[in-house]
$ cat model_24.cif   # mmCIF, C-alpha atoms
data_input
loop_
_atom_site.label_atom_id
_atom_site.label_comp_id
_atom_site.auth_asym_id
_atom_site.auth_seq_id
_atom_site.Cartn_x
_atom_site.Cartn_y
_atom_site.Cartn_z
CA MET A 595 0.00 0.00 0.00
CA VAL A 596 1.31 3.47 -0.89
CA ASN A 597 2.17 5.66 2.10
CA ILE A 598 0.98 9.06 0.91
CA PHE A 599 2.69 10.84 3.83
CA LYS A 600 6.06 9.04 3.68
CA THR A 601 9.18 11.25 3.83
CA SER A 602 11.97 12.21 6.26
CA GLY A 603 11.23 13.50 9.77
CA ASN A 604 11.98 17.24 9.63
CA ILE A 605 10.37 17.72 6.22
CA THR A 606 7.29 15.83 7.40
CA THR A 607 6.82 18.25 10.29
CA PHE A 608 7.09 21.27 8.00
CA GLU A 609 4.75 19.75 5.44
CA LEU A 610 2.29 18.70 8.12
CA ILE A 611 2.19 22.24 9.51
CA ARG A 612 1.84 23.74 6.02
CA GLY A 613 -1.01 21.38 5.17
CA PHE A 614 -2.69 22.21 8.47
CA PHE A 615 -2.51 25.95 7.78
CA VAL A 616 -3.88 25.45 4.26
CA SER A 617 -6.90 23.76 5.84
CA ILE A 618 -7.25 26.47 8.50
CA PHE A 619 -7.39 29.23 5.90
CA ALA A 620 -9.69 27.10 3.69
CA SER A 621 -12.06 26.55 6.62
CA MET A 622 -12.06 30.06 8.07
CA TYR A 623 -15.21 31.14 6.17
CA LEU A 624 -17.09 28.15 7.62
CA TYR A 625 -16.15 28.47 11.28
CA LEU A 626 -16.47 32.25 11.35
CA SER A 627 -19.97 31.91 9.93
CA TRP A 628 -20.70 29.20 12.51
CA ILE A 629 -20.03 31.67 15.34
CA GLY A 630 -21.97 34.43 13.58
CA ILE A 631 -19.07 36.42 12.09
CA SER A 632 -18.92 37.31 8.41
CA TYR A 633 -16.43 39.83 7.00
CA LEU A 634 -16.24 39.83 3.20
CA TRP A 635 -12.63 41.03 3.18
CA LEU A 636 -11.48 38.39 5.68
CA ASN A 637 -13.23 35.55 3.85
CA THR A 638 -11.74 36.76 0.57
CA LEU A 639 -8.17 36.98 1.86
CA SER A 640 -8.24 33.69 3.77
CA ALA A 641 -9.59 31.79 0.74
CA LEU A 642 -7.02 33.35 -1.61
CA PHE A 643 -4.20 32.59 0.81
CA ALA A 644 -5.35 28.96 1.15
CA LEU A 645 -5.31 28.52 -2.64
CA TYR A 646 -1.93 30.25 -2.98
CA LEU A 647 -0.33 28.03 -0.32
CA LEU A 648 -1.89 24.88 -1.74
CA LEU A 649 -0.92 25.49 -5.37
CA ASP A 650 2.64 26.20 -4.24
CA SER A 651 2.95 22.89 -2.37
CA ASN A 652 4.13 19.34 -3.09
CA ARG A 653 2.02 16.20 -3.05
CA ARG A 654 2.62 15.45 0.63
CA VAL A 655 1.34 18.89 1.61
CA TRP A 656 -1.63 18.22 -0.65
CA ALA A 657 -2.29 14.97 1.19
CA TYR A 658 -2.12 16.69 4.58
CA SER A 659 -4.31 19.53 3.29
CA GLY A 660 -6.93 17.06 2.07
CA LEU A 661 -6.75 15.22 5.39
CA PHE A 662 -7.41 18.33 7.48
CA ILE A 663 -9.97 19.81 5.07
CA GLY A 664 -11.89 16.53 5.13
CA LEU A 665 -11.70 16.62 8.92
CA LEU A 666 -12.65 20.28 9.42
CA TRP A 667 -15.39 20.38 6.78
CA PHE A 668 -17.01 16.97 7.26
CA TRP A 669 -16.33 15.60 10.76
CA TRP A 670 -20.06 15.91 11.53
CA ILE A 671 -21.08 13.23 9.00
CA SER A 672 -20.47 10.43 11.49
CA MET A 673 -22.52 12.03 14.27
CA SER A 674 -25.63 10.14 13.18
CA PHE A 675 -23.99 6.84 14.22
CA ARG A 676 -24.88 7.56 17.84
CA LEU A 677 -28.57 7.48 16.95
CA TYR A 678 -28.24 3.94 15.59
CA GLY A 679 -26.48 2.70 18.74
CA PHE A 680 -23.02 2.83 17.17
CA ALA A 681 -21.47 5.81 18.95
CA TRP A 682 -18.20 3.86 19.07
CA ALA A 683 -18.02 4.06 15.26
CA THR A 684 -18.07 7.88 15.22
CA PRO A 685 -14.26 8.37 15.44
CA ILE A 686 -13.76 5.63 12.84
CA GLY A 687 -16.12 7.42 10.46
CA ILE A 688 -14.36 10.74 11.05
CA ILE A 689 -10.95 9.19 10.31
CA LEU A 690 -12.20 7.43 7.17
CA THR A 691 -13.75 10.66 5.87
CA ALA A 692 -10.53 12.60 6.48
CA PHE A 693 -8.39 9.94 4.78
CA THR A 694 -10.76 9.80 1.81
CA TYR A 695 -10.07 13.46 1.05
CA ALA A 696 -6.37 13.01 1.83
CA LEU A 697 -6.25 10.30 -0.84
CA ILE A 698 -8.19 12.41 -3.36
CA PHE A 699 -5.84 15.37 -2.87
CA TRP A 700 -2.73 13.17 -2.98
CA LEU A 701 -3.90 11.51 -6.20
CA ALA A 702 -4.51 14.91 -7.78
CA ALA A 703 -0.98 16.05 -6.92
CA PHE A 704 0.55 12.69 -7.91
CA ILE A 705 -1.16 12.72 -11.32
CA SER A 706 -0.09 16.34 -11.80
CA ASP A 707 3.55 15.41 -11.14
CA GLN A 708 3.36 12.44 -13.54
CA ILE A 709 1.87 14.57 -16.32
CA GLU A 710 4.60 17.18 -15.85
CA ARG A 711 7.29 14.50 -16.00
CA ARG A 712 5.92 12.84 -19.13
CA TYR A 713 4.37 15.68 -21.12
CA ARG A 714 6.18 18.78 -19.81
CA ILE A 715 2.88 20.35 -18.77
CA PRO A 716 3.40 22.28 -15.52
CA SER A 717 1.99 20.35 -12.56
CA LEU A 718 0.78 23.70 -11.25
CA ALA A 719 -1.70 23.91 -14.15
CA ILE A 720 -3.01 20.38 -13.56
CA LYS A 721 -3.46 21.08 -9.84
CA ALA A 722 -5.42 24.23 -10.66
CA ILE A 723 -7.62 22.26 -13.06
CA PHE A 724 -8.26 19.69 -10.32
CA LEU A 725 -9.45 22.41 -7.94
CA LEU A 726 -11.67 23.78 -10.69
CA ILE A 727 -13.37 20.42 -11.28
CA ALA A 728 -13.18 19.08 -7.70
CA SER A 729 -16.86 19.88 -7.11
CA TYR A 730 -17.71 17.13 -9.64
CA ILE A 731 -15.91 14.47 -7.60
CA HIS A 732 -18.47 12.79 -5.33
CA PRO A 733 -17.08 10.02 -3.11
CA PHE A 734 -19.96 7.59 -2.37
CA GLY A 735 -22.33 10.12 -3.98
CA PHE A 736 -21.57 12.84 -1.42
CA ASP A 737 -21.33 16.15 -3.31
CA TRP A 738 -20.85 18.84 -0.66
CA PHE A 739 -17.15 19.47 -1.36
CA LYS A 740 -16.89 22.62 -3.47
CA PRO A 741 -13.62 24.60 -3.16
CA GLU A 742 -15.32 27.74 -4.53
CA LEU A 743 -17.66 27.63 -1.52
CA MET A 744 -14.90 29.53 0.32
CA PHE A 745 -15.98 32.62 -1.63
CA VAL A 746 -19.72 32.43 -0.90
CA GLU A 747 -19.55 35.35 1.58
CA SER A 748 -16.78 37.34 -0.07
CA TYR A 749 -15.95 39.88 -2.77
CA ILE A 750 -15.36 37.09 -5.32
CA GLY A 751 -18.07 35.46 -7.45
CA VAL A 752 -19.00 31.80 -7.02
CA GLU A 753 -19.44 30.69 -10.63
CA LYS A 754 -16.87 28.46 -12.31
CA TRP A 755 -15.52 31.24 -14.50
CA HIS A 756 -14.90 33.38 -11.41
CA PHE A 757 -13.01 30.51 -9.80
CA ALA A 758 -11.08 29.86 -13.04
CA ILE A 759 -9.90 33.49 -13.07
CA VAL A 760 -8.74 33.25 -9.45
CA LEU A 761 -6.87 29.99 -10.05
CA SER A 762 -5.32 31.32 -13.27
CA ALA A 763 -4.12 34.51 -11.58
CA ILE A 764 -2.57 32.63 -8.67
CA GLY A 765 -1.10 30.00 -11.00
CA LEU A 766 0.50 32.58 -13.30
CA SER A 767 1.87 34.47 -10.32
CA LEU A 768 3.55 31.32 -8.98
CA TYR A 769 4.72 30.02 -12.38
CA ARG A 770 6.21 33.33 -13.51
CA GLY A 771 7.35 34.37 -10.06
CA LYS A 772 5.60 37.72 -10.47
CA PRO A 773 2.98 38.75 -7.87
CA THR A 774 1.69 41.37 -10.32
CA TYR A 775 -0.41 38.65 -12.01
CA LEU A 776 -2.58 38.59 -8.89
CA ILE A 777 -4.17 41.82 -10.11
CA PHE A 778 -6.25 39.70 -12.52
CA ILE A 779 -8.20 38.42 -9.51
CA LEU A 780 -10.10 41.71 -9.70
CA LEU A 781 -11.80 40.35 -12.83
CA ALA A 782 -13.60 37.89 -10.55
CA TYR A 783 -14.95 40.70 -8.36
CA ASN A 784 -18.63 40.00 -7.74
CA PRO A 785 -19.56 40.61 -4.08
CA ILE A 786 -22.59 39.13 -2.39
CA ASP A 787 -25.68 41.28 -3.02
CA THR A 788 -26.42 43.61 -0.11
CA ASN A 789 -29.03 45.73 -1.90
CA ASN A 790 -32.39 46.37 -0.32
CA ILE A 791 -35.08 43.75 -0.80
CA SER A 792 -37.81 44.67 -3.29
CA LYS A 793 -41.36 45.41 -2.17
CA GLN A 794 -42.62 42.26 -3.91
CA GLN A 795 -40.01 40.13 -2.13
CA MET A 796 -40.93 41.68 1.22
CA THR A 797 -44.60 40.90 0.57
CA THR A 798 -43.77 37.25 -0.11
CA ILE A 799 -41.64 37.09 3.05
CA ASP A 800 -44.40 38.62 5.16
CA GLU A 801 -47.00 36.22 3.77
CA THR A 802 -44.88 33.12 4.46
CA GLU A 803 -44.74 31.37 7.83
CA LEU A 804 -41.59 29.28 8.32
CA VAL A 805 -41.90 26.86 11.21
CA THR A 806 -38.77 26.00 13.21
CA THR A 807 -38.88 23.01 15.54
CA TYR A 808 -36.43 21.45 17.97
CA ILE A 809 -37.64 17.86 18.15
CA SER A 810 -34.89 15.30 18.75
CA ILE A 811 -34.65 12.13 16.67
CA GLU A 812 -35.40 10.11 19.80
CA GLU A 813 -38.59 12.13 20.36
CA LYS A 814 -39.60 11.61 16.73
CA GLN A 815 -39.15 7.86 17.05
CA ASP A 816 -41.27 7.74 20.21
CA LEU A 817 -44.82 7.12 18.95
CA SER A 818 -46.28 8.64 22.11
CA ASN A 819 -45.17 12.02 20.71
CA LEU A 820 -47.11 11.65 17.46
CA ILE A 821 -50.42 13.10 18.71
CA PRO A 822 -48.72 16.13 20.38
CA THR A 823 -46.83 16.73 17.12
CA ILE A 824 -50.02 16.59 15.05
CA ASN A 825 -51.68 18.98 17.49
CA LEU A 826 -48.67 21.27 17.21
CA THR A 827 -49.03 21.43 13.41
CA LYS A 828 -52.74 22.26 13.68
CA TYR A 829 -52.05 24.95 16.28
CA LYS A 830 -49.38 26.56 14.08
CA ILE A 831 -51.69 26.45 11.06
CA ASP A 832 -54.53 28.11 13.01
CA GLU A 833 -52.07 30.73 14.27
CA ALA A 834 -50.86 31.45 10.72
CA ILE A 835 -54.44 31.75 9.46
CA ARG A 836 -55.22 34.30 12.17
CA ALA A 837 -52.09 36.22 11.16
CA GLU A 838 -53.39 36.21 7.54
CA LYS A 839 -50.41 34.28 6.18
CA LYS A 840 -50.79 32.67 2.77
CA ILE A 841 -48.25 29.85 3.13
CA ILE A 842 -47.05 27.83 6.11
CA ILE A 843 -44.02 25.55 5.76
CA PHE A 844 -43.09 22.77 8.19
CA PRO A 845 -39.75 20.90 8.42
CA GLU A 846 -38.83 17.57 6.85
CA SER A 847 -40.66 14.55 8.30
CA ILE A 848 -42.23 16.55 11.11
CA LEU A 849 -44.86 13.82 10.76
CA PRO A 850 -42.80 10.57 10.84
CA ILE A 851 -45.69 8.57 9.35
CA PHE A 852 -46.89 7.51 5.90
CA LEU A 853 -49.32 10.38 5.67
CA ASN A 854 -51.01 9.18 2.47
CA ARG A 855 -52.34 6.19 4.44
CA GLU A 856 -53.89 8.36 7.17
CA GLN A 857 -57.18 9.37 5.55
CA GLU A 858 -58.66 11.17 8.57
CA LEU A 859 -55.54 13.28 9.02
CA LEU A 860 -55.41 14.05 5.32
CA LYS A 861 -58.98 15.28 5.57
CA VAL A 862 -58.03 17.68 8.40
CA TYR A 863 -55.18 19.24 6.44
CA ARG A 864 -57.26 19.43 3.27
CA GLU A 865 -59.96 21.38 5.09
CA LEU A 866 -57.42 23.76 6.62
CA SER A 867 -55.86 24.33 3.18
CA HIS A 868 -59.01 26.20 2.17
CA TYR A 869 -57.63 29.10 4.22
CA ILE A 870 -53.86 28.71 3.80
CA THR A 871 -51.44 26.68 1.68
CA ILE A 872 -49.69 24.04 3.80
CA VAL A 873 -46.31 22.47 2.95
CA ILE A 874 -45.45 19.71 5.41
CA GLY A 875 -42.84 16.95 5.58
CA ALA A 876 -43.95 13.33 5.99
CA LEU A 877 -43.37 9.86 4.56
CA HIS A 878 -45.05 8.46 1.46
CA TRP A 879 -45.92 4.79 0.97
CA ASP A 880 -45.94 4.43 -2.81
CA GLU A 881 -47.11 0.91 -3.75
CA SER A 882 -44.74 -0.86 -1.31
CA VAL A 883 -42.01 1.73 -1.90
CA PRO A 884 -41.12 4.07 1.01
CA ARG A 885 -40.33 7.67 0.08
CA ASN A 886 -39.33 10.83 1.93
CA SER A 887 -41.72 13.52 0.76
CA ALA A 888 -43.27 16.95 1.01
CA TYR A 889 -47.07 17.21 1.02
CA ILE A 890 -48.56 20.38 -0.48
CA PHE A 891 -52.15 21.09 0.61
CA GLN A 892 -53.93 23.81 -1.32
CA ASN A 893 -57.61 24.60 -1.90
CA ARG A 894 -58.69 21.31 -0.26
CA GLU A 895 -56.49 19.29 -2.62
CA PHE A 896 -52.99 17.92 -2.10
CA LYS A 897 -49.91 16.96 -4.07
CA ILE A 898 -46.95 14.82 -3.02
CA ALA A 899 -43.41 15.84 -3.99
CA ASP A 900 -40.98 12.95 -3.45
CA LYS A 901 -37.30 13.39 -2.69
CA VAL A 902 -35.06 13.03 -5.75
CA ILE A 903 -31.55 12.74 -4.28
CA LEU A 904 -31.16 10.56 -1.19
CA VAL A 905 -28.53 10.84 1.53
CA PRO A 906 -25.74 8.27 0.94
CA PHE A 907 -25.91 5.61 3.71
CA GLY A 908 -28.56 7.64 5.53
CA GLU A 909 -31.53 7.02 3.19
CA SER A 910 -30.04 4.90 0.44
CA ASN A 911 -26.96 2.71 0.32
CA PRO A 912 -24.63 3.56 -2.61
CA LEU A 913 -22.85 0.18 -2.38
CA PRO A 914 -23.58 -2.80 -4.69
CA ASP A 915 -26.80 -4.64 -3.79
CA TRP A 916 -25.17 -7.63 -2.07
CA MET A 917 -22.98 -5.37 0.07
CA SER A 918 -25.81 -2.87 0.63
CA ASN A 919 -28.08 -5.59 2.01
CA LEU A 920 -25.33 -6.77 4.36
CA VAL A 921 -24.65 -3.25 5.66
CA ASN A 922 -28.37 -2.61 6.16
CA LYS A 923 -28.70 -5.88 8.07
CA ILE A 924 -25.74 -5.15 10.37
CA PHE A 925 -26.20 -1.43 10.98
CA TYR A 926 -29.88 -0.68 10.25
CA ASP A 927 -31.71 -3.77 11.58
CA GLY A 928 -32.43 -4.92 8.03
CA ALA A 929 -34.38 -1.78 7.12
CA ILE A 930 -35.03 -1.24 3.42
CA ASP A 931 -33.76 1.87 1.65
CA TYR A 932 -35.93 4.79 0.66
CA LYS A 933 -36.50 5.16 -3.06
CA ALA A 934 -35.81 8.35 -4.96
CA SER A 935 -38.15 9.97 -7.46
CA ASP A 936 -36.82 10.08 -11.01
CA LYS A 937 -37.70 13.74 -11.55
CA VAL A 938 -37.83 16.98 -9.59
CA SER A 939 -41.19 18.40 -8.51
CA ASP A 940 -42.45 21.92 -9.07
CA TYR A 941 -45.72 23.39 -7.85
CA THR A 942 -47.49 26.74 -8.02
CA ILE A 943 -48.73 28.76 -5.05
CA ASP A 944 -50.53 32.08 -5.64
CA GLY A 945 -49.09 32.34 -9.13
CA ARG A 946 -45.49 31.68 -8.05
CA ARG A 947 -43.71 28.51 -9.11
CA TYR A 948 -41.66 26.70 -6.46
CA ARG A 949 -39.14 23.87 -6.74
CA SER A 950 -39.55 21.24 -4.01
CA ALA A 951 -36.41 20.13 -2.13
CA ILE A 952 -35.84 18.09 1.00
CA CYS A 953 -32.72 18.69 3.08
CA TYR A 954 -29.63 17.06 1.49
CA GLU A 955 -30.85 17.32 -2.09
CA ALA A 956 -31.25 21.11 -1.84
CA CYS A 957 -27.44 21.25 -1.76
CA SER A 958 -27.07 19.34 -5.04
CA GLU A 959 -26.66 20.87 -8.49
CA LYS A 960 -29.40 18.71 -10.04
CA LEU A 961 -32.13 20.47 -8.06
CA TYR A 962 -31.26 23.76 -9.78
CA ASP A 963 -31.75 22.54 -13.35
CA GLY A 964 -33.69 25.21 -15.19
CA LYS A 965 -32.67 27.89 -12.65
CA PRO A 966 -35.83 27.84 -10.50
CA LYS A 967 -36.78 31.30 -9.24
CA ASN A 968 -38.15 29.96 -5.95
CA MET A 969 -37.47 26.87 -3.87
CA ILE A 970 -39.08 25.52 -0.70
CA VAL A 971 -36.69 23.39 1.34
CA LEU A 972 -37.66 21.17 4.28
CA SER A 973 -34.86 19.91 6.54
CA ASN A 974 -34.31 17.79 9.62
CA ASN A 975 -30.89 18.70 11.02
CA GLY A 976 -31.53 16.79 14.23
CA TRP A 977 -29.33 13.96 12.92
CA PHE A 978 -26.22 16.15 13.06
CA THR A 979 -26.74 18.75 15.77
CA PRO A 980 -24.92 20.12 17.62
CA SER A 981 -22.34 20.57 14.85
CA ILE A 982 -21.34 22.81 11.94
CA GLU A 983 -23.66 20.91 9.55
CA PRO A 984 -26.50 23.50 9.63
CA THR A 985 -23.93 26.22 8.89
CA MET A 986 -22.42 24.34 5.98
CA GLN A 987 -25.88 23.58 4.62
CA ARG A 988 -26.81 27.27 4.80
CA LEU A 989 -23.58 28.31 3.04
CA LEU A 990 -24.24 25.81 0.27
CA LEU A 991 -27.77 27.18 -0.16
CA GLN A 992 -26.32 30.70 -0.27
CA TYR A 993 -23.91 29.46 -2.95
CA TYR A 994 -26.73 28.10 -5.12
CA SER A 995 -28.89 31.16 -4.49
CA ARG A 996 -26.06 33.40 -5.72
CA LYS A 997 -25.24 31.15 -8.65
CA TYR A 998 -28.79 30.62 -9.96
CA GLY A 999 -30.71 33.59 -8.54
CA THR A 1000 -33.01 31.26 -6.59
CA THR A 1001 -34.96 32.56 -3.59
CA ILE A 1002 -34.98 29.80 -0.96
CA PHE A 1003 -37.52 29.34 1.84
CA HIS A 1004 -36.05 26.92 4.37
CA SER A 1005 -38.00 25.35 7.25
CA ILE A 1006 -35.80 23.37 9.65
CA ASN A 1007 -35.92 21.04 12.61
CA GLY A 1008 -32.87 21.42 14.84
CA SER A 1009 -31.66 24.89 13.83
CA PRO A 1010 -33.19 28.29 12.90
CA SER A 1011 -35.19 28.58 9.68
CA TYR A 1012 -34.46 31.34 7.17
CA ILE A 1013 -35.01 32.79 3.71
CA ILE A 1014 -32.17 33.35 1.21
CA ILE A 1015 -32.44 35.99 -1.52
CA ASN A 1016 -29.50 36.37 -3.95
CA GLY A 1017 -27.21 34.71 -1.42
CA ARG A 1018 -28.32 36.97 1.40
CA VAL A 1019 -29.78 35.31 4.51
CA ILE A 1020 -32.89 36.72 6.14
CA VAL A 1021 -34.00 35.38 9.52
CA LYS A 1022 -37.46 36.57 10.47
CA LYS A 1023 -37.57 38.08 13.95
CA ASP A 1024 -40.83 36.31 14.80
CA ASN A 1025 -39.40 32.89 13.89
CA ILE A 1026 -39.17 31.28 17.34
CA GLY A 1027 -38.26 27.61 17.59
CA ILE A 1028 -40.79 25.14 19.01
CA PHE A 1029 -40.01 22.29 21.40
CA LEU A 1030 -42.27 19.34 22.20
#
$ encode --input "model_24.cif" --output "structure tokens"
Amino acid sequence: MVNIFKTSGNITTFELIRGFFVSIFASMYLYLSWIGISYLWLNTLSALFALYLLLDSNRRVWAYSGLFIGLLWFWWISMSFRLYGFAWATPIGIILTAFTYALIFWLAAFISDQIERRYRIPSLAIKAIFLLIASYIHPFGFDWFKPELMFVESYIGVEKWHFAIVLSAIGLSLYRGKPTYLIFILLAYNPIDTNNISKQQMTTIDETELVTTYISIEEKQDLSNLIPTINLTKYKIDEAIRAEKKIIIFPESILPIFLNREQELLKVYRELSHYITIVIGALHWDESVPRNSAYIFQNREFKIADKVILVPFGESNPLPDWMSNLVNKIFYDGAIDYKASDKVSDYTIDGRRYRSAICYEACSEKLYDGKPKNMIVLSNNGWFTPSIEPTMQRLLLQYYSRKYGTTIFHSINGSPSYIIINGRVIVKKDNIGIFL
């Protein structure tokens, strides 16, 4: 087996420290946002410095950088193990995640060196190309690693051509040994929109009720809490009707039941939808196929929007069938996987068209096909809290909002709900979380 970190002692220490600092600068935007701090100039400089250090480093530094970036960005992934009774596996999952990105980064640098040796193409150029296309590399179907995400709250744009300009400017500066090439970074100047919100947008915000809940996974799985949860939804709907709201949005699977099989409950929501449009998360039993879904009740009718992209290992196992069945038997008590819909769902409310998205899939490129103007997202972050996951999810949604001009209405269990307009986050002052 190849030792991607192998070298002599003193050099290893230097390279380890350099890789660590690359990851620190690459993660600064994330952890500052996590504690509620966002300075465009600081996020811009830290991201640029991370890229400069990384592109000017050898393959061992790349391996260490990938290791620490995988650790700092994605340590939270394994937190859900504790809810399946495998808390002991959490550190193993964290280590495997970190080493996965260490290997990806090392391979990128190794291939770059081989191409330079054989074809005389500068390895610096190949490394820059890797960073440009890294967002298309999805280990086990997980697609949250996007290097350009570092610029989501900065003076730099988030589209690929913006990132290509930044990488080209840094690459030329290093290759030619002339810092003056860095001036070309100004061509990627495209700061996050801080303009005032339009009157029409404010009207939509005022007419929309986003429900935030803090219901633990254990409470959701306790069937004795089902009736109180149903009563909670009816109370919030009545409250929104009295406040003359037009839409009320509940989090993902706030009703942990196959709602389409509960005819009496469907009747209740259908009657209430005469006064207000209701978007609520629940399960869908579709001819022996379980699905994670959003139910849209409007004018005494309802539509079901099924999830399109499932969480790897959480909702669907990306491994081959024989291995998937074994893993499900060992870790998930033989539970069957959810099934994904083969197409995205759109629906219209008061003349506005909305794209439906549920949690993880809202952070995937596929959901933004056709550049939807509006999106309603339902999430259950209870699997990963307390952690940086809600922050990373929000930053990814800001990224897509900036990139595609999509206004996002996000109702969440486990962290505050919000609205995103052109990458700008709006948290309504009256949005108070609800506990059971």
$ closest_atom_pairs --input "model_24.cif" --of "range 766-861 of chain A" --to "range 636-657 of chain A" --cutoff "12 Å" --atoms "only C-alpha atoms" --output "CSV"
residue,atom,partner,partner_atom,distance
A:Leu766,CA,A:Leu649,CA,10.7
A:Ser767,CA,A:Tyr646,CA,9.3
A:Leu768,CA,A:Asp650,CA,7.0
A:Tyr769,CA,A:Asp650,CA,9.2
A:Gly771,CA,A:Asp650,CA,11.1
A:Pro773,CA,A:Tyr646,CA,11.0
A:Leu776,CA,A:Leu642,CA,10.0
A:Ile779,CA,A:Leu642,CA,9.5
A:Leu780,CA,A:Thr638,CA,11.5
A:Ala782,CA,A:Thr638,CA,11.3
A:Tyr783,CA,A:Thr638,CA,10.3
A:Asn784,CA,A:Thr638,CA,11.3
A:Pro785,CA,A:Thr638,CA,9.9
A:Ile786,CA,A:Thr638,CA,11.5
$ write_last_selection --input "model_24.cif" --atoms "C-alpha atoms" --output "PDB file, in the coordinates of the input"
ATOM      1  CA  LEU A 766       0.500  32.580 -13.300  1.00  0.00           C
ATOM      2  CA  SER A 767       1.870  34.470 -10.320  1.00  0.00           C
ATOM      3  CA  LEU A 768       3.550  31.320  -8.980  1.00  0.00           C
ATOM      4  CA  TYR A 769       4.720  30.020 -12.380  1.00  0.00           C
ATOM      5  CA  GLY A 771       7.350  34.370 -10.060  1.00  0.00           C
ATOM      6  CA  PRO A 773       2.980  38.750  -7.870  1.00  0.00           C
ATOM      7  CA  LEU A 776      -2.580  38.590  -8.890  1.00  0.00           C
ATOM      8  CA  ILE A 779      -8.200  38.420  -9.510  1.00  0.00           C
ATOM      9  CA  LEU A 780     -10.100  41.710  -9.700  1.00  0.00           C
ATOM     10  CA  ALA A 782     -13.600  37.890 -10.550  1.00  0.00           C
ATOM     11  CA  TYR A 783     -14.950  40.700  -8.360  1.00  0.00           C
ATOM     12  CA  ASN A 784     -18.630  40.000  -7.740  1.00  0.00           C
ATOM     13  CA  PRO A 785     -19.560  40.610  -4.080  1.00  0.00           C
ATOM     14  CA  ILE A 786     -22.590  39.130  -2.390  1.00  0.00           C
TER      15      ILE A 786
END
$ resolve_selection --input "model_24.cif" --expression "the PyMOL selection byres ((chain A and resi 725) around 10)" --output "list in words"
Leu645, Leu649, Phe699, Ala702, Ile720, Lys721, Ala722, Ile723, Phe724, Leu726, Ile727, Ala728, Ser729, Tyr730, Lys740, Pro741, Glu742, Phe757, Ala758 and Leu761 of chain A
$ closest_atom_pairs --input "model_24.cif" --of "range 795-892 of chain A" --to "range 666-680 of chain A" --cutoff "12 Å" --atoms "all atoms listed in the file" --output "CSV"
residue,atom,partner,partner_atom,distance
A:Ser810,CA,A:Leu677,CA,10.2
A:Ile811,CA,A:Leu677,CA,7.7
A:Glu812,CA,A:Leu677,CA,7.9
A:Glu813,CA,A:Leu677,CA,11.6
A:Lys814,CA,A:Leu677,CA,11.8
A:Gln815,CA,A:Leu677,CA,10.6
$ closest_residue --input "model_24.cif" --among "A:Asn854, A:Ala876, A:Phe907, A:Ser995" --to "Ala956 in chain A" --atoms "all atoms listed in the file"
A:Ser995
$ closest_residue --input "model_24.cif" --among "A:Val938, A:Thr985, A:Tyr633, A:Phe734" --to "Gly964 in chain A" --atoms "all atoms listed in the file"
A:Val938
$ residues_near_point --input "model_24.cif" --point "(1.9, 20.4, -11.4)" --cutoff "9 Å" --atoms "only C-alpha atoms" --output "compact mmCIF listing (two decimals) with C-alpha atoms, keeping the file's coordinate frame"
# COMPACT_ATOMS: atom_id res chain seq x y z
CA LEU A 649 -0.92 25.49 -5.37
CA ASN A 652 4.13 19.34 -3.09
CA ALA A 703 -0.98 16.05 -6.92
CA PHE A 704 0.55 12.69 -7.91
CA ILE A 705 -1.16 12.72 -11.32
CA SER A 706 -0.09 16.34 -11.80
CA ASP A 707 3.55 15.41 -11.14
CA GLN A 708 3.36 12.44 -13.54
CA ILE A 709 1.87 14.57 -16.32
CA GLU A 710 4.60 17.18 -15.85
CA ILE A 715 2.88 20.35 -18.77
CA PRO A 716 3.40 22.28 -15.52
CA SER A 717 1.99 20.35 -12.56
CA LEU A 718 0.78 23.70 -11.25
CA ALA A 719 -1.70 23.91 -14.15
CA ILE A 720 -3.01 20.38 -13.56
CA LYS A 721 -3.46 21.08 -9.84
CA ALA A 722 -5.42 24.23 -10.66
$ build_atoms --input "model_24.cif" --residues "range 683-690 of chain A" --atoms "N, CA and C atoms" --output "PDB file, keeping the file's coordinate frame"
ATOM      1  N   ALA A 683     -18.490   3.978  16.640  1.00  0.00           N
ATOM      2  CA  ALA A 683     -18.020   4.060  15.260  1.00  0.00           C
ATOM      3  C   ALA A 683     -17.790   5.499  14.800  1.00  0.00           C
ATOM      4  N   THR A 684     -18.201   6.472  15.617  1.00  0.00           N
ATOM      5  CA  THR A 684     -18.070   7.880  15.220  1.00  0.00           C
ATOM      6  C   THR A 684     -16.628   8.264  14.899  1.00  0.00           C
ATOM      7  N   PRO A 685     -15.644   8.008  15.784  1.00  0.00           N
ATOM      8  CA  PRO A 685     -14.260   8.370  15.440  1.00  0.00           C
ATOM      9  C   PRO A 685     -13.739   7.626  14.222  1.00  0.00           C
ATOM     10  N   ILE A 686     -14.194   6.385  14.021  1.00  0.00           N
ATOM     11  CA  ILE A 686     -13.760   5.630  12.840  1.00  0.00           C
ATOM     12  C   ILE A 686     -14.274   6.307  11.579  1.00  0.00           C
ATOM     13  N   GLY A 687     -15.543   6.724  11.608  1.00  0.00           N
ATOM     14  CA  GLY A 687     -16.120   7.420  10.460  1.00  0.00           C
ATOM     15  C   GLY A 687     -15.415   8.729  10.166  1.00  0.00           C
ATOM     16  N   ILE A 688     -15.065   9.462  11.218  1.00  0.00           N
ATOM     17  CA  ILE A 688     -14.360  10.740  11.050  1.00  0.00           C
ATOM     18  C   ILE A 688     -13.002  10.512  10.390  1.00  0.00           C
ATOM     19  N   ILE A 689     -12.279   9.495  10.865  1.00  0.00           N
ATOM     20  CA  ILE A 689     -10.950   9.190  10.310  1.00  0.00           C
ATOM     21  C   ILE A 689     -11.056   8.756   8.858  1.00  0.00           C
ATOM     22  N   LEU A 690     -12.027   7.897   8.549  1.00  0.00           N
ATOM     23  CA  LEU A 690     -12.200   7.430   7.170  1.00  0.00           C
ATOM     24  C   LEU A 690     -12.544   8.580   6.228  1.00  0.00           C
TER      25      LEU A 690
END
